[in-house]
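Coordinates as given in structure-v3.cif (mmCIF, C-alpha atoms):
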data_upload
#
loop_
_atom_site.label_atom_id
_atom_site.label_comp_id
_atom_site.auth_asym_id
_atom_site.auth_seq_id
_atom_site.Cartn_x
_atom_site.Cartn_y
_atom_site.Cartn_z
CA PHE L 1 -24.45 4.85 -4.18
CA LYS L 2 -23.53 5.21 -7.89
CA ARG L 3 -20.66 7.58 -7.31
CA VAL L 4 -16.89 7.59 -7.48
CA TRP L 5 -14.31 9.05 -5.09
CA VAL L 6 -11.59 10.95 -6.96
CA GLY L 7 -8.23 12.09 -5.60
CA THR L 8 -6.20 14.81 -7.29
CA LYS L 9 -2.61 16.01 -6.99
CA THR L 10 -3.34 19.65 -6.18
CA LYS L 11 -7.10 20.07 -5.73
CA GLY L 12 -8.01 17.54 -3.05
CA VAL L 13 -10.88 15.03 -2.98
CA TYR L 14 -14.01 15.01 -5.13
CA LEU L 15 -17.12 12.88 -5.39
CA PHE L 16 -18.44 12.17 -8.87
CA PHE L 17 -22.19 11.49 -9.01
CA LEU L 18 -22.82 9.24 -12.01
CA GLU L 19 -26.54 9.86 -12.46
CA GLU L 20 -26.18 13.62 -12.17
CA ASN L 21 -22.88 13.75 -14.09
CA ARG L 22 -21.34 16.21 -11.66
CA PHE L 23 -18.37 16.58 -9.30
CA GLU L 24 -18.61 17.79 -5.71
CA LYS L 25 -15.57 18.97 -3.74
CA ILE L 26 -15.10 17.29 -0.35
CA PRO L 27 -13.44 19.84 1.93
CA ILE L 28 -10.66 18.23 3.98
CA LYS L 29 -8.22 20.83 5.29
CA GLY L 30 -4.64 20.18 4.20
CA PHE L 31 -5.56 17.33 1.85
CA ASP L 32 -4.72 18.90 -1.50
CA TYR L 33 -2.24 16.25 -2.69
CA VAL L 34 -4.15 12.96 -2.49
CA LYS L 35 -2.06 9.80 -2.68
CA GLU L 36 -4.57 7.10 -1.75
CA ILE L 37 -8.30 6.49 -1.32
CA PHE L 38 -9.42 3.28 0.41
CA GLU L 39 -12.77 1.90 1.56
CA ASP L 40 -12.76 -0.41 4.58
CA LYS L 41 -15.17 -3.25 5.35
CA LYS L 42 -17.53 -0.95 7.25
CA GLY L 43 -17.80 1.46 4.34
CA ASN L 44 -15.57 4.15 5.83
CA ILE L 45 -13.46 6.07 3.33
CA TRP L 46 -9.78 6.58 4.15
CA VAL L 47 -7.80 9.28 2.38
CA GLY L 48 -4.01 9.43 2.33
CA SER L 49 -2.36 12.73 1.54
CA TYR L 50 1.10 14.25 1.40
CA GLU L 51 2.69 17.56 2.38
CA THR L 52 0.26 19.33 4.75
CA GLY L 53 -2.14 16.45 5.48
CA SER L 54 -1.67 12.79 6.29
CA VAL L 55 -4.61 10.39 6.84
CA ALA L 56 -8.31 11.20 7.08
CA LYS L 57 -11.25 8.92 7.84
CA ILE L 58 -14.64 9.82 6.35
CA THR L 59 -17.60 8.17 8.08
CA LEU L 60 -20.84 7.76 6.12
CA ASP L 61 -24.36 6.92 7.26
CA ALA L 62 -26.60 4.30 5.62
CA SER L 63 -27.64 6.72 2.89
CA GLY L 64 -24.04 7.62 2.02
CA THR L 65 -24.10 11.06 3.64
CA ILE L 66 -20.88 12.20 5.31
CA VAL L 67 -21.49 12.40 9.06
CA LYS L 68 -17.97 12.68 10.44
CA MET L 69 -14.35 13.31 9.45
CA ASN L 70 -11.28 12.43 11.49
CA ASN L 71 -7.80 13.68 10.66
CA TYR L 72 -4.76 11.75 11.90
CA THR L 73 -1.14 12.81 12.36
CA LEU L 74 1.64 10.32 11.67
CA SER L 75 4.67 10.93 13.87
CA ILE L 76 8.08 9.79 12.65
CA PRO L 77 10.28 7.97 15.22
CA ASN L 78 13.40 9.86 16.31
CA SER L 79 12.37 12.92 14.32
CA GLU L 80 10.45 16.15 14.73
CA GLU L 81 9.02 15.74 11.24
CA LYS L 82 5.48 14.44 10.78
CA ASN L 83 3.19 13.04 8.08
CA PRO L 84 5.51 11.11 5.73
CA TYR L 85 4.78 10.29 2.10
CA ILE L 86 2.01 7.65 1.96
CA ASN L 87 2.14 4.65 -0.37
CA PHE L 88 -0.88 2.59 0.70
CA ILE L 89 -3.74 2.23 3.18
CA TYR L 90 -4.77 -1.35 3.92
CA GLU L 91 -7.16 -3.34 6.11
CA ASP L 92 -6.04 -6.79 7.26
CA ALA L 93 -8.16 -9.85 8.08
CA LYS L 94 -8.54 -8.63 11.69
CA SER L 95 -10.03 -5.34 10.41
CA ASP L 96 -6.96 -3.40 11.55
CA ILE L 97 -5.92 -0.42 9.42
CA PHE L 98 -2.32 -0.08 8.26
CA VAL L 99 -0.54 2.69 6.38
CA GLY L 100 2.63 2.11 4.37
CA THR L 101 4.86 5.18 4.09
CA ARG L 102 8.38 6.29 3.25
CA GLN L 103 9.08 6.26 6.99
CA GLY L 104 7.88 2.80 7.88
CA LEU L 105 4.66 0.91 8.51
CA TYR L 106 1.92 2.36 10.74
CA LYS L 107 -1.03 0.69 12.48
CA LEU L 108 -4.16 2.32 13.87
CA ASP L 109 -4.28 1.72 17.62
CA LYS L 110 -8.01 1.45 18.23
CA PRO L 111 -8.11 2.27 22.00
CA SER L 112 -6.25 5.57 21.50
CA ASN L 113 -7.48 6.16 17.94
CA THR L 114 -3.97 7.11 16.84
CA PHE L 115 -1.55 5.67 14.32
CA VAL L 116 1.55 4.01 15.77
CA ASN L 117 4.76 3.43 13.82
CA LEU L 118 5.68 -0.27 13.93
CA TYR L 119 9.29 0.68 14.37
CA ILE L 120 11.96 -1.90 13.60
CA THR L 121 14.36 -1.61 16.54
CA ASN L 122 16.99 -3.94 15.05
CA SER L 123 19.23 -1.55 13.13
CA GLU L 124 20.61 -4.24 10.79
CA ILE L 125 17.11 -5.31 9.71
CA ARG L 126 16.04 -1.68 9.42
CA ASP L 127 19.02 -0.86 7.19
CA ASN L 128 18.48 -3.93 4.97
CA LEU L 129 14.80 -3.25 4.36
CA GLY L 130 14.96 0.52 4.16
CA PRO L 131 12.14 2.82 5.34
CA TYR L 132 9.84 2.48 2.32
CA PHE L 133 6.76 0.27 2.64
CA LEU L 134 5.32 0.32 -0.86
CA SER L 135 2.72 -2.42 -1.36
CA VAL L 136 0.85 -5.26 0.34
CA ALA L 137 -1.30 -8.24 -0.65
CA ARG L 138 -2.80 -11.23 1.17
CA ALA L 139 -2.14 -14.68 -0.25
CA PRO L 140 -4.76 -17.44 -0.54
CA ASP L 141 -3.12 -19.16 2.46
CA GLY L 142 -3.68 -16.06 4.59
CA LYS L 143 -0.08 -14.84 4.71
CA TYR L 144 0.79 -11.24 3.91
CA TRP L 145 3.28 -10.23 1.24
CA VAL L 146 4.77 -6.78 1.65
CA GLY L 147 6.81 -4.85 -0.90
CA THR L 148 9.58 -2.59 0.38
CA ILE L 149 12.55 -0.79 -1.10
CA GLY L 150 14.71 -3.65 0.19
CA GLY L 151 12.82 -6.63 -1.20
CA LEU L 152 9.72 -8.70 -0.52
CA LEU L 153 8.55 -9.84 2.92
CA VAL L 154 6.19 -12.69 3.85
CA CYS L 155 4.61 -12.83 7.32
CA ASN L 156 1.66 -14.28 9.20
CA GLN L 157 0.63 -10.88 10.58
CA LEU L 158 1.81 -7.44 9.52
CA GLU L 159 2.80 -6.69 13.12
CA ASP L 160 5.39 -9.48 12.84
CA ILE L 161 7.65 -7.37 10.64
CA ALA L 162 8.71 -5.08 13.48
CA LYS L 163 9.68 -8.17 15.47
CA GLY L 164 11.76 -9.60 12.62
CA ASN L 165 9.36 -12.54 12.12
CA TYR L 166 9.15 -12.81 8.34
CA LYS L 167 10.63 -14.49 5.30
CA TRP L 168 12.70 -12.21 3.13
CA TYR L 169 13.08 -12.42 -0.64
CA TYR L 170 15.62 -10.14 -2.28
CA SER L 171 17.41 -9.78 -5.61
CA ILE L 172 20.59 -11.80 -6.19
CA LEU L 173 22.34 -10.85 -9.43
CA SER L 174 23.85 -14.31 -9.89
CA ASP L 175 20.50 -16.10 -9.33
CA ASP L 176 17.98 -15.76 -12.16
CA LYS L 177 15.33 -17.43 -9.97
CA SER L 178 15.45 -14.63 -7.39
CA ILE L 179 13.27 -11.54 -7.57
CA VAL L 180 14.34 -9.22 -10.40
CA ASP L 181 14.55 -6.03 -8.31
CA ASN L 182 14.31 -5.09 -4.63
CA LEU L 183 11.99 -2.13 -5.07
CA VAL L 184 8.54 -3.78 -5.04
CA SER L 185 5.88 -1.19 -5.84
CA ALA L 186 2.85 -3.38 -6.66
CA LEU L 187 1.53 -6.85 -5.72
CA TYR L 188 -1.43 -8.88 -7.00
CA PHE L 189 -2.54 -12.49 -6.50
CA ASP L 190 -4.47 -13.90 -9.45
CA ALA L 191 -7.18 -16.59 -9.28
CA SER L 192 -4.63 -19.40 -9.60
CA GLY L 193 -2.61 -18.18 -6.61
CA VAL L 194 0.30 -16.79 -8.63
CA LEU L 195 1.71 -13.53 -7.29
CA TRP L 196 2.35 -10.78 -9.85
CA ILE L 197 5.03 -8.35 -8.77
CA GLY L 198 5.61 -4.84 -10.05
CA THR L 199 9.19 -3.65 -9.60
CA GLU L 200 11.43 -0.80 -10.65
CA ASP L 201 13.02 -3.12 -13.21
CA GLY L 202 10.06 -4.85 -14.83
CA LEU L 203 7.28 -7.37 -14.25
CA ASP L 204 8.04 -10.39 -12.10
CA LYS L 205 5.89 -13.20 -10.77
CA TYR L 206 6.19 -15.75 -8.00
CA ASP L 207 4.93 -19.27 -8.57
CA PRO L 208 4.15 -20.79 -5.14
CA TYR L 209 4.11 -24.29 -6.63
CA GLU L 210 7.61 -23.97 -8.06
CA ASN L 211 8.81 -21.69 -5.25
CA GLN L 212 10.65 -19.42 -7.65
CA PHE L 213 10.44 -16.00 -9.28
CA ILE L 214 10.00 -15.72 -13.03
CA LEU L 215 10.76 -12.50 -14.90
CA ASN L 216 8.07 -11.75 -17.48
CA LYS L 217 9.83 -10.15 -20.45
CA ASP L 218 6.85 -10.13 -22.83
CA ILE L 219 5.72 -6.67 -21.74
CA SER L 220 9.10 -5.20 -22.73
CA ARG L 221 8.54 -6.08 -26.39
CA PHE L 222 5.77 -3.51 -26.59
CA ILE L 223 7.78 -0.59 -25.19
CA GLY L 224 11.03 -0.65 -27.11
CA ASN L 225 12.49 -3.67 -25.31
CA GLN L 226 12.90 -1.65 -22.12
CA ALA L 227 12.13 -2.94 -18.65
CA PRO L 228 9.22 -0.80 -17.42
CA ARG L 229 8.53 0.46 -13.92
CA ILE L 230 5.37 -1.36 -12.82
CA ARG L 231 3.16 0.71 -10.53
CA GLY L 232 -0.09 -1.25 -10.19
CA PHE L 233 -2.46 -4.03 -11.23
CA SER L 234 -6.21 -4.22 -11.77
CA LYS L 235 -8.54 -7.20 -12.14
CA THR L 236 -10.67 -7.26 -15.30
#

Could you write out this file's structure as structure tokens?
Amino acid sequence: FKRVWVGTKTKGVYLFFLEENRFEKIPIKGFDYVKEIFEDKKGNIWVGSYETGSVAKITLDASGTIVKMNNYTLSIPNSEEKNPYINFIYEDAKSDIFVGTRQGLYKLDKPSNTFVNLYITNSEIRDNLGPYFLSVARAPDGKYWVGTIGGLLVCNQLEDIAKGNYKWYYSILSDDKSIVDNLVSALYFDASGVLWIGTEDGLDKYDPYENQFILNKDISRFIGNQAPRIRGFSKT
């Protein structure tokens, strides 16, 4: 449609029309602080907010006109608080919608049209991983890699995490082949199948052929030899 969705920190969601060179405000009540904008396979736009709003779904018709908006509330298990801080919105291979937050991983239950927290009942696993679900990417072999505040998880389906069915990679100070830091904020698979990993302590990568993590120190040379916080990747 030759337009761009834009999320702001205090002013909500806008549409930028390229040919007309103009912005148009999209009124979504409570969605002033926009954390995420995601388009699913059907062309629906999902907006993740923080503070007063949570998740909104914008349905478009064939011409790109907004025909419907749905707002969702994310309940936090064992708490009266609602709508936690959102880190990502993601659609898996089954076309299920997931939301990663600072209070766990949520999945849209299609029959009830509500988001359900995939709560980890095992307290030891829950304590090891922490509540932050920060990033997700699907590998060429179909497995999902999920970044948390407690390391990196690999699973066949995202629902498996709540059941404890995953492989767990975490930082070991005495092992230079382990992941450099447990806080994994960004993930990206390149064309060769190598996984690039953004952490709180620099740029890491996982070579599936060597089955090891390799810290990339080259980026530090350009910023005063400091390990940067990596927040995202983009294909060029």

What is the distance, in Å and to one decimal place, between atom CA of L:Tyr209 and atom CA of L:Phe133?
->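 Spanning atom CA of L:Tyr209 to atom CA of L:Phe133 is a straight-line distance of 26.4 Å.
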
Given the file shown, enumerate the residues that the PyMOL selection byres ((chain L and resi 125) around 12) captures and present them as a list in words.
->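 This file, filtered by the PyMOL selection byres ((chain L and resi 125) around 12), leaves Tyr119, Ile120, Thr121, Asn122, Ser123, Glu124, Arg126, Asp127, Asn128, Leu129, Gly130, Pro131, Gly150, Gly151, Leu153, Ile161, Ala162, Lys163, Gly164, Asn165, Tyr166 and Trp168 of chain L.
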
Determine the residue membership of the PyMOL selection byres ((chain L and resi 143) around 7) for the file above and supply it as an NGL selection string.
-> :L and (138-139 or 141-142 or 144-145 or 154-156)

Who sits within 8 Å of stretch 191-208 of chain L, all atoms listed in the file, same chain under 2 positions skipped, as number ranges by chain | L: 139-140, 179-189, 210-217, 219-220, 227-232

The PyMOL selection byres ((chain L and resi 25-42) around 8) resolved against shown file, as an MDAnalysis selection string | chainID L and resid 5:15 23:24 43:54 86:91 95

Stretch 115-117 of chain L surroundings by only C-alpha atoms, 9 Å radius, close-in-sequence under 6 positions cut, as a list in words =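 Everything that qualifies: Tyr72, Thr73, Leu74, Ser75, Ile76, Pro77, Ile97, Phe98, Val99, Gln103, Gly104, Leu105, Tyr106, Lys107, Leu108 and Asp109 of chain L.
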
Within 8 Å of L:Val4 using all atoms listed in the file, minus same-chain residues under 6 positions, as an MDAnalysis selection string | chainID L and resid 15:18

For atom CA of L:Lys177 and atom CA of L:Asp190, the interatomic separation in Å (one decimal) =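 These atoms are spaced 20.1 Å apart.
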